[in-house]
$ cat input-v5.cif   # mmCIF, C-alpha atoms
data_work
loop_
_atom_site.label_atom_id
_atom_site.label_comp_id
_atom_site.auth_asym_id
_atom_site.auth_seq_id
_atom_site.Cartn_x
_atom_site.Cartn_y
_atom_site.Cartn_z
CA MET A 1 109.46 90.76 76.13
CA ARG A 2 106.14 92.22 77.17
CA ILE A 3 106.37 94.79 79.97
CA PHE A 4 103.11 95.90 81.59
CA ASP A 5 103.18 99.33 83.26
CA THR A 6 100.20 99.18 85.59
CA HIS A 7 100.26 102.79 86.76
CA ALA A 8 101.08 105.83 84.62
CA HIS A 9 99.84 109.39 84.31
CA TYR A 10 100.44 110.28 80.68
CA ASP A 11 97.55 112.73 80.94
CA ASP A 12 99.82 114.89 83.12
CA GLU A 13 100.86 118.29 81.77
CA ALA A 14 104.50 117.16 82.04
CA PHE A 15 103.87 115.25 78.80
CA ASP A 16 102.11 118.04 76.90
CA VAL A 17 105.19 118.81 74.81
CA ASP A 18 105.74 115.31 73.39
CA ARG A 19 102.96 112.97 74.55
CA ASP A 20 102.05 111.34 71.23
CA GLU A 21 105.63 111.05 70.04
CA LEU A 22 106.70 109.46 73.34
CA LEU A 23 103.78 107.02 73.54
CA ASN A 24 104.18 105.87 69.95
CA LYS A 25 107.87 105.29 70.63
CA LEU A 26 107.30 103.43 73.91
CA LEU A 27 104.58 101.19 72.52
CA SER A 28 106.84 100.14 69.66
CA THR A 29 109.44 98.80 72.11
CA ASP A 30 109.10 96.20 74.87
CA ILE A 31 106.43 98.27 76.65
CA ASP A 32 103.43 96.20 75.71
CA THR A 33 100.57 97.57 77.80
CA ILE A 34 99.95 100.64 79.96
CA VAL A 35 97.16 101.44 82.39
CA ASN A 36 96.79 105.21 82.58
CA VAL A 37 95.36 106.18 85.93
CA GLY A 38 93.04 109.10 86.52
CA ALA A 39 93.53 111.14 89.68
CA SER A 40 91.46 114.29 89.12
CA ILE A 41 88.12 114.55 87.34
CA GLU A 42 89.77 116.22 84.35
CA GLY A 43 92.53 113.62 84.51
CA CYS A 44 89.91 110.89 84.18
CA ARG A 45 88.51 112.55 81.05
CA LYS A 46 91.98 112.77 79.52
CA THR A 47 92.69 109.18 80.53
CA LEU A 48 89.58 107.97 78.72
CA ASN A 49 90.70 109.85 75.61
CA LEU A 50 94.15 108.24 75.75
CA ALA A 51 92.60 104.80 76.07
CA LYS A 52 90.41 105.54 73.07
CA GLN A 53 93.36 106.78 71.03
CA TYR A 54 95.80 103.93 71.77
CA LYS A 55 95.01 100.26 71.43
CA ASN A 56 97.36 99.16 74.23
CA ILE A 57 96.53 101.88 76.72
CA TYR A 58 93.74 101.14 79.19
CA ALA A 59 92.04 103.40 81.70
CA ALA A 60 91.58 103.48 85.43
CA ILE A 61 89.19 106.19 86.55
CA GLY A 62 88.70 107.55 90.04
CA VAL A 63 89.45 110.58 92.16
CA HIS A 64 92.58 110.92 94.29
CA PRO A 65 92.23 112.17 97.90
CA ASP A 66 93.73 115.53 96.91
CA ASP A 67 90.63 116.19 94.78
CA TYR A 68 87.92 114.85 97.12
CA ASP A 69 86.61 118.35 97.77
CA LYS A 70 85.49 118.43 94.11
CA LEU A 71 83.62 115.13 94.31
CA ASN A 72 79.84 114.80 94.33
CA GLU A 73 77.25 112.18 93.47
CA ASP A 74 76.97 113.39 89.87
CA ILE A 75 80.67 112.63 89.37
CA ILE A 76 80.25 109.23 91.03
CA SER A 77 77.38 108.47 88.63
CA TRP A 78 79.51 109.49 85.65
CA LEU A 79 82.42 107.32 86.79
CA LYS A 80 80.07 104.40 87.31
CA GLU A 81 78.49 104.81 83.88
CA GLU A 82 81.90 104.90 82.19
CA ALA A 83 83.08 101.86 84.13
CA LEU A 84 80.02 99.89 83.07
CA SER A 85 79.86 100.97 79.43
CA ASN A 86 83.47 101.48 78.34
CA PRO A 87 85.42 98.24 77.78
CA LYS A 88 88.74 100.10 78.04
CA VAL A 89 88.06 100.94 81.71
CA VAL A 90 89.78 98.18 83.67
CA ALA A 91 89.89 99.60 87.22
CA ILE A 92 88.63 102.26 89.61
CA GLY A 93 91.40 104.50 90.87
CA GLU A 94 93.38 105.94 92.10
CA ILE A 95 91.30 106.26 95.24
CA GLY A 96 92.24 106.05 98.89
CA LEU A 97 93.63 108.09 101.77
CA ASP A 98 96.53 110.50 102.15
CA TYR A 99 97.25 111.66 105.70
CA TYR A 100 100.62 113.23 104.91
CA TYR A 101 99.19 116.76 104.69
CA ASP A 102 95.80 116.13 106.35
CA GLU A 103 94.01 117.99 103.57
CA PRO A 104 91.21 117.59 102.91
CA GLU A 105 90.21 116.72 106.45
CA ARG A 106 90.11 113.03 107.31
CA ALA A 107 86.32 112.82 107.59
CA VAL A 108 86.03 113.98 103.96
CA GLN A 109 88.70 111.53 102.84
CA LEU A 110 87.02 108.61 104.60
CA LYS A 111 83.63 109.49 103.13
CA TRP A 112 84.73 109.61 99.50
CA PHE A 113 87.09 106.66 99.74
CA GLU A 114 84.23 104.55 101.09
CA ARG A 115 81.87 105.84 98.41
CA GLN A 116 84.22 105.14 95.52
CA LEU A 117 85.01 101.70 96.89
CA GLN A 118 81.29 100.98 97.09
CA MET A 119 80.94 102.06 93.45
CA ALA A 120 83.84 99.82 92.42
CA VAL A 121 82.17 96.82 94.04
CA GLU A 122 78.94 97.69 92.24
CA VAL A 123 80.66 97.72 88.83
CA ASN A 124 82.88 94.74 89.74
CA LYS A 125 86.18 96.42 88.87
CA PRO A 126 89.44 96.15 90.84
CA VAL A 127 90.56 99.24 92.74
CA ILE A 128 93.89 101.06 92.61
CA ILE A 129 94.58 102.29 96.12
CA HIS A 130 96.58 105.37 97.06
CA SER A 131 97.45 105.03 100.75
CA ARG A 132 99.98 107.29 102.43
CA GLU A 133 100.51 107.24 106.19
CA ALA A 134 97.02 105.78 106.55
CA CYS A 135 97.56 102.04 106.78
CA ALA A 136 95.09 101.20 109.57
CA ASP A 137 92.20 103.24 108.14
CA THR A 138 92.88 101.89 104.65
CA ILE A 139 92.71 98.31 105.90
CA ASN A 140 89.51 98.99 107.86
CA ILE A 141 87.72 100.54 104.90
CA LEU A 142 88.82 97.78 102.53
CA LYS A 143 87.64 95.10 104.96
CA ASN A 144 84.33 96.81 105.75
CA GLY A 145 83.75 97.57 102.06
CA ASN A 146 84.16 93.96 100.90
CA ALA A 147 87.15 94.89 98.77
CA ASP A 148 88.24 91.26 98.72
CA ARG A 149 85.42 90.62 96.22
CA ILE A 150 87.11 92.76 93.58
CA GLY A 151 90.74 92.92 94.67
CA GLY A 152 93.09 95.51 93.30
CA ILE A 153 96.48 97.12 93.81
CA ILE A 154 98.13 98.85 96.73
CA HIS A 155 99.82 101.45 94.55
CA CYS A 156 103.40 102.46 95.39
CA TYR A 157 103.42 100.12 98.37
CA SER A 158 105.05 101.92 101.30
CA TYR A 159 104.07 99.96 104.38
CA THR A 160 105.92 97.29 106.33
CA LYS A 161 106.58 93.68 105.47
CA GLU A 162 104.26 92.78 108.37
CA SER A 163 101.31 94.46 106.61
CA VAL A 164 101.86 92.47 103.42
CA LYS A 165 99.86 89.45 104.62
CA THR A 166 96.84 91.62 105.53
CA PHE A 167 96.59 93.08 102.04
CA TYR A 168 97.46 89.73 100.44
CA ASP A 169 94.60 88.03 102.28
CA MET A 170 92.22 90.67 100.91
CA ASN A 171 93.11 89.67 97.35
CA PHE A 172 95.39 92.63 96.65
CA TYR A 173 98.45 93.00 94.46
CA PHE A 174 101.39 95.26 95.27
CA GLY A 175 102.56 98.02 92.91
CA ILE A 176 106.35 98.32 92.88
CA GLY A 177 108.05 101.22 91.13
CA GLY A 178 111.06 103.49 91.13
CA VAL A 179 111.20 103.92 94.91
CA LEU A 180 112.60 100.37 95.08
CA THR A 181 115.88 101.69 93.62
CA PHE A 182 116.30 104.55 96.11
CA LYS A 183 119.07 104.34 98.72
CA ASN A 184 116.58 104.98 101.55
CA ALA A 185 114.15 102.27 100.41
CA ARG A 186 115.12 99.68 103.03
CA LYS A 187 111.53 99.16 104.22
CA LEU A 188 110.27 98.61 100.68
CA VAL A 189 113.13 96.24 99.88
CA GLU A 190 112.23 94.22 102.98
CA ALA A 191 108.60 94.14 101.90
CA ALA A 192 109.53 93.13 98.35
CA GLU A 193 111.49 90.21 99.75
CA VAL A 194 108.35 88.73 101.34
CA ILE A 195 105.69 89.66 98.77
CA PRO A 196 104.98 86.54 96.69
CA MET A 197 105.91 87.04 93.04
CA GLU A 198 102.36 86.19 91.93
CA ARG A 199 101.17 89.42 93.58
CA ILE A 200 103.81 91.89 92.36
CA LEU A 201 103.01 94.40 89.61
CA LEU A 202 105.35 96.84 87.89
CA GLU A 203 104.48 100.52 87.78
CA THR A 204 106.13 103.85 87.04
CA ASP A 205 103.72 106.45 88.46
CA CYS A 206 105.21 108.60 85.71
CA PRO A 207 105.97 111.47 85.42
CA TYR A 208 106.80 111.00 89.12
CA LEU A 209 109.24 108.78 91.05
CA ALA A 210 111.82 108.10 88.36
CA PRO A 211 114.19 105.34 89.49
CA VAL A 212 117.92 105.63 90.00
CA PRO A 213 119.88 106.56 87.86
CA ASN A 214 117.26 109.04 86.63
CA ARG A 215 115.84 110.07 89.99
CA GLY A 216 114.53 113.62 89.91
CA LYS A 217 113.93 113.65 86.17
CA ARG A 218 110.63 113.22 84.34
CA ASN A 219 109.74 109.54 84.53
CA ASP A 220 108.29 107.41 81.74
CA SER A 221 107.75 103.72 81.07
CA SER A 222 111.20 103.20 79.55
CA ASN A 223 112.65 103.54 83.06
CA ILE A 224 110.79 100.51 84.32
CA ARG A 225 113.75 98.36 83.35
CA TYR A 226 115.67 99.68 86.37
CA VAL A 227 112.87 98.49 88.66
CA ILE A 228 112.93 95.08 86.97
CA GLU A 229 116.70 94.83 87.46
CA LYS A 230 116.43 95.69 91.17
CA LEU A 231 113.54 93.30 91.69
CA ALA A 232 115.44 90.54 89.91
CA GLU A 233 118.34 91.14 92.29
CA ILE A 234 116.09 91.00 95.37
CA LYS A 235 114.16 87.94 94.24
CA LYS A 236 117.24 86.18 92.83
CA MET A 237 115.47 85.72 89.51
CA SER A 238 116.24 86.66 85.92
CA TYR A 239 115.10 89.89 84.27
CA ASP A 240 112.96 87.87 81.85
CA GLU A 241 111.29 85.94 84.65
CA ILE A 242 110.29 89.17 86.40
CA VAL A 243 108.84 90.55 83.16
CA ASP A 244 106.87 87.40 82.38
CA ILE A 245 105.44 86.91 85.86
CA THR A 246 104.44 90.54 86.40
CA ASN A 247 102.88 90.73 82.95
CA ASN A 248 100.83 87.61 83.66
CA ASN A 249 99.84 89.03 87.06
CA ALA A 250 98.58 92.26 85.49
CA ARG A 251 96.64 90.47 82.78
CA ARG A 252 95.04 88.22 85.38
CA LEU A 253 93.94 91.19 87.47
CA PHE A 254 92.77 93.55 84.73
CA PHE A 255 91.69 91.19 81.95
CA LYS A 256 90.76 88.08 83.97
CA GLU A 257 93.20 86.00 81.95
CA ALA A 258 94.19 82.72 83.57
#

$ encode --input "input-v5.cif" --output "structure tokens"
Amino acid sequence: MRIFDTHAHYDDEAFDVDRDELLNKLLSTDIDTIVNVGASIEGCRKTLNLAKQYKNIYAAIGVHPDDYDKLNEDIISWLKEEALSNPKVVAIGEIGLDYYYDEPERAVQLKWFERQLQMAVEVNKPVIIHSREACADTINILKNGNADRIGGIIHCYSYTKESVKTFYDMNFYFGIGGVLTFKNARKLVEAAEVIPMERILLETDCPYLAPVPNRGKRNDSSNIRYVIEKLAEIKKMSYDEIVDITNNNARRLFFKEA
């Protein structure tokens, strides 16, 4: 079996005590490929180093809304140069909007989301979208920014089943992770029921969002099996079918494999 974790943060300090030991162990099991996703500028640098160190770890680089106040055009130029020159960079992200705390202010979030999306289109890389309580503005920016040309992932999908078609029509995939196993995940379960299998991707968002039965603990890619089991239950498919289809989906998006 070849499991593809499309969204991890192994650069996080939560892994400082055992990062290499853990990754060597994971990559010797059924975890075949991992995309490590930058969120901060320093996180992007660490992500690039991980991708250089490990054959089956790839990089997504971009700046999360929480760090938009540190962004400037020099950083955008650096991200663009890395995306164009480094073959291990497979996506731009995670970028997007987060209105949960309203910090930084929305005008700043909109500006740098639009700018990073523009850069992603210029380098022709898919985008990994962080969108929290900002569905309408996310859709507007993706539409106005021609995101359908590059596609990407709505990471940790949290919106309604009715919004699925809008993102689907813009050539987006849907990242499904540990939240699917939570008791209060009714909305996500309903969305997962209607998302076509050819657009579902597995993700951990580790060290965050560990699935039941390990909710609240440090997450890692070994826990993705619980997401697969829940998804297999929802889709009335086998565990192996979920693994094969999601792996093929990820390889099609990131590596342009048929």

$ closest_residue --input "input-v5.cif" --among "A:Tyr54, A:His7, A:Val243, A:Lys165" --to "Ile129 of chain A" --atoms "only C-alpha atoms"
A:His7

$ atom_distance --input "input-v5.cif" --atom1 "atom CA of His130 of chain A" --atom2 "atom CA of Ser238 of chain A"
29.3 Å

$ resolve_selection --input "input-v5.cif" --expression "the PyMOL selection byres ((chain A and resi 223-236) around 9)" --output "VMD selection string"
chain A and resid 3 5 176 to 181 189 192 to 193 197 202 to 204 210 to 214 219 to 222 237 to 243

$ closest_residue --input "input-v5.cif" --among "A:Asn146, A:Gln109, A:Thr246, A:Asn56" --to "Leu26 of chain A" --atoms "only C-alpha atoms"
A:Asn56

$ closest_residue --input "input-v5.cif" --among "A:Arg252, A:Lys80, A:Arg115, A:Arg19" --to "Gly151 of chain A" --atoms "all atoms listed in the file"
A:Arg252

$ closest_residue --input "input-v5.cif" --among "A:Leu110, A:Val37, A:Val194, A:Cys44" --to "Glu162 of chain A" --atoms "only C-alpha atoms"
A:Val194

$ residues_near_point --input "input-v5.cif" --point "(87.9, 109.6, 98.6)" --cutoff "9 Å" --atoms "all atoms listed in the file" --output "ChimeraX atom specification"
/A:62-69,71,95-97,108-117

$ closest_residue --input "input-v5.cif" --among "A:Asp148, A:Asp169, A:Glu103, A:Asp98" --to "Glu133 of chain A" --atoms "only C-alpha atoms"
A:Asp98

$ atom_distance --input "input-v5.cif" --atom1 "atom CA of Asn49 of chain A" --atom2 "atom CA of Ile154 of chain A"
24.9 Å

$ atom_distance --input "input-v5.cif" --atom1 "atom CA of Glu105 of chain A" --atom2 "atom CA of His155 of chain A"
21.6 Å

$ build_atoms --input "input-v5.cif" --residues "segment 193-204 of chain A" --atoms "all heavy atoms" --output "PDB file, in the coordinates of the input"
ATOM      1  N   GLU A 193     110.925  91.544  99.499  1.00  0.00           N
ATOM      2  CA  GLU A 193     111.490  90.210  99.750  1.00  0.00           C
ATOM      3  C   GLU A 193     110.417  89.205 100.130  1.00  0.00           C
ATOM      4  O   GLU A 193     110.520  88.023  99.797  1.00  0.00           O
ATOM      5  CB  GLU A 193     112.553  90.289 100.849  1.00  0.00           C
ATOM      6  CG  GLU A 193     113.836  90.974 100.424  1.00  0.00           C
ATOM      7  CD  GLU A 193     114.807  91.195 101.572  1.00  0.00           C
ATOM      8  OE1 GLU A 193     114.392  91.040 102.748  1.00  0.00           O
ATOM      9  OE2 GLU A 193     115.974  91.528 101.302  1.00  0.00           O
ATOM     10  N   VAL A 194     109.368  89.670 100.836  1.00  0.00           N
ATOM     11  CA  VAL A 194     108.350  88.730 101.340  1.00  0.00           C
ATOM     12  C   VAL A 194     107.070  88.710 100.505  1.00  0.00           C
ATOM     13  O   VAL A 194     106.248  87.803 100.666  1.00  0.00           O
ATOM     14  CB  VAL A 194     108.000  89.021 102.817  1.00  0.00           C
ATOM     15  CG1 VAL A 194     109.250  88.934 103.681  1.00  0.00           C
ATOM     16  CG2 VAL A 194     107.325  90.381 102.978  1.00  0.00           C
ATOM     17  N   ILE A 195     106.882  89.684  99.632  1.00  0.00           N
ATOM     18  CA  ILE A 195     105.690  89.660  98.770  1.00  0.00           C
ATOM     19  C   ILE A 195     105.841  88.531  97.754  1.00  0.00           C
ATOM     20  O   ILE A 195     106.823  88.505  97.008  1.00  0.00           O
ATOM     21  CB  ILE A 195     105.497  90.998  98.038  1.00  0.00           C
ATOM     22  CG1 ILE A 195     105.300  92.151  99.021  1.00  0.00           C
ATOM     23  CG2 ILE A 195     104.283  90.917  97.099  1.00  0.00           C
ATOM     24  CD1 ILE A 195     105.323  93.534  98.367  1.00  0.00           C
ATOM     25  N   PRO A 196     104.885  87.614  97.691  1.00  0.00           N
ATOM     26  CA  PRO A 196     104.980  86.540  96.690  1.00  0.00           C
ATOM     27  C   PRO A 196     104.978  87.116  95.274  1.00  0.00           C
ATOM     28  O   PRO A 196     104.271  88.076  94.984  1.00  0.00           O
ATOM     29  CB  PRO A 196     103.719  85.708  96.951  1.00  0.00           C
ATOM     30  CG  PRO A 196     103.329  86.026  98.359  1.00  0.00           C
ATOM     31  CD  PRO A 196     103.709  87.454  98.568  1.00  0.00           C
ATOM     32  N   MET A 197     105.784  86.520  94.402  1.00  0.00           N
ATOM     33  CA  MET A 197     105.910  87.040  93.040  1.00  0.00           C
ATOM     34  C   MET A 197     104.568  87.098  92.312  1.00  0.00           C
ATOM     35  O   MET A 197     104.352  87.980  91.475  1.00  0.00           O
ATOM     36  CB  MET A 197     106.896  86.193  92.228  1.00  0.00           C
ATOM     37  CG  MET A 197     108.336  86.679  92.241  1.00  0.00           C
ATOM     38  SD  MET A 197     108.588  88.430  91.846  1.00  0.00           S
ATOM     39  CE  MET A 197     107.841  88.561  90.226  1.00  0.00           C
ATOM     40  N   GLU A 198     103.643  86.201  92.642  1.00  0.00           N
ATOM     41  CA  GLU A 198     102.360  86.190  91.930  1.00  0.00           C
ATOM     42  C   GLU A 198     101.464  87.365  92.296  1.00  0.00           C
ATOM     43  O   GLU A 198     100.376  87.520  91.739  1.00  0.00           O
ATOM     44  CB  GLU A 198     101.607  84.880  92.166  1.00  0.00           C
ATOM     45  CG  GLU A 198     101.017  84.698  93.553  1.00  0.00           C
ATOM     46  CD  GLU A 198     101.928  83.992  94.537  1.00  0.00           C
ATOM     47  OE1 GLU A 198     103.142  83.880  94.247  1.00  0.00           O
ATOM     48  OE2 GLU A 198     101.427  83.559  95.595  1.00  0.00           O
ATOM     49  N   ARG A 199     101.948  88.233  93.214  1.00  0.00           N
ATOM     50  CA  ARG A 199     101.170  89.420  93.580  1.00  0.00           C
ATOM     51  C   ARG A 199     101.935  90.719  93.340  1.00  0.00           C
ATOM     52  O   ARG A 199     101.508  91.769  93.806  1.00  0.00           O
ATOM     53  CB  ARG A 199     100.745  89.333  95.047  1.00  0.00           C
ATOM     54  CG  ARG A 199      99.708  88.269  95.349  1.00  0.00           C
ATOM     55  CD  ARG A 199      98.347  88.589  94.761  1.00  0.00           C
ATOM     56  NE  ARG A 199      97.380  87.568  95.132  1.00  0.00           N
ATOM     57  CZ  ARG A 199      96.694  87.545  96.269  1.00  0.00           C
ATOM     58  NH1 ARG A 199      96.849  88.517  97.137  1.00  0.00           N
ATOM     59  NH2 ARG A 199      95.837  86.575  96.511  1.00  0.00           N
ATOM     60  N   ILE A 200     103.048  90.667  92.640  1.00  0.00           N
ATOM     61  CA  ILE A 200     103.810  91.890  92.360  1.00  0.00           C
ATOM     62  C   ILE A 200     103.480  92.409  90.968  1.00  0.00           C
ATOM     63  O   ILE A 200     103.416  91.648  90.007  1.00  0.00           O
ATOM     64  CB  ILE A 200     105.326  91.639  92.485  1.00  0.00           C
ATOM     65  CG1 ILE A 200     105.706  91.405  93.954  1.00  0.00           C
ATOM     66  CG2 ILE A 200     106.121  92.823  91.925  1.00  0.00           C
ATOM     67  CD1 ILE A 200     107.178  91.142  94.182  1.00  0.00           C
ATOM     68  N   LEU A 201     103.259  93.723  90.889  1.00  0.00           N
ATOM     69  CA  LEU A 201     103.010  94.400  89.610  1.00  0.00           C
ATOM     70  C   LEU A 201     104.032  95.512  89.441  1.00  0.00           C
ATOM     71  O   LEU A 201     104.439  96.162  90.409  1.00  0.00           O
ATOM     72  CB  LEU A 201     101.603  94.978  89.572  1.00  0.00           C
ATOM     73  CG  LEU A 201     100.452  93.978  89.684  1.00  0.00           C
ATOM     74  CD1 LEU A 201      99.121  94.723  89.762  1.00  0.00           C
ATOM     75  CD2 LEU A 201     100.449  93.023  88.509  1.00  0.00           C
ATOM     76  N   LEU A 202     104.431  95.751  88.210  1.00  0.00           N
ATOM     77  CA  LEU A 202     105.350  96.840  87.890  1.00  0.00           C
ATOM     78  C   LEU A 202     104.562  98.114  87.608  1.00  0.00           C
ATOM     79  O   LEU A 202     103.495  98.079  86.993  1.00  0.00           O
ATOM     80  CB  LEU A 202     106.183  96.483  86.654  1.00  0.00           C
ATOM     81  CG  LEU A 202     107.033  95.219  86.743  1.00  0.00           C
ATOM     82  CD1 LEU A 202     107.682  94.943  85.388  1.00  0.00           C
ATOM     83  CD2 LEU A 202     108.099  95.351  87.824  1.00  0.00           C
ATOM     84  N   GLU A 203     105.113  99.240  88.046  1.00  0.00           N
ATOM     85  CA  GLU A 203     104.480 100.520  87.780  1.00  0.00           C
ATOM     86  C   GLU A 203     105.540 101.615  87.745  1.00  0.00           C
ATOM     87  O   GLU A 203     106.615 101.470  88.313  1.00  0.00           O
ATOM     88  CB  GLU A 203     103.423 100.835  88.845  1.00  0.00           C
ATOM     89  CG  GLU A 203     103.965 100.905  90.263  1.00  0.00           C
ATOM     90  CD  GLU A 203     102.914 101.300  91.287  1.00  0.00           C
ATOM     91  OE1 GLU A 203     101.735 100.949  91.111  1.00  0.00           O
ATOM     92  OE2 GLU A 203     103.277 101.975  92.260  1.00  0.00           O
ATOM     93  N   THR A 204     105.207 102.702  87.049  1.00  0.00           N
ATOM     94  CA  THR A 204     106.130 103.850  87.040  1.00  0.00           C
ATOM     95  C   THR A 204     105.616 105.014  87.869  1.00  0.00           C
ATOM     96  O   THR A 204     106.396 105.736  88.472  1.00  0.00           O
ATOM     97  CB  THR A 204     106.357 104.362  85.606  1.00  0.00           C
ATOM     98  OG1 THR A 204     105.106 104.652  85.010  1.00  0.00           O
ATOM     99  CG2 THR A 204     107.130 103.352  84.780  1.00  0.00           C
TER     100      THR A 204
END
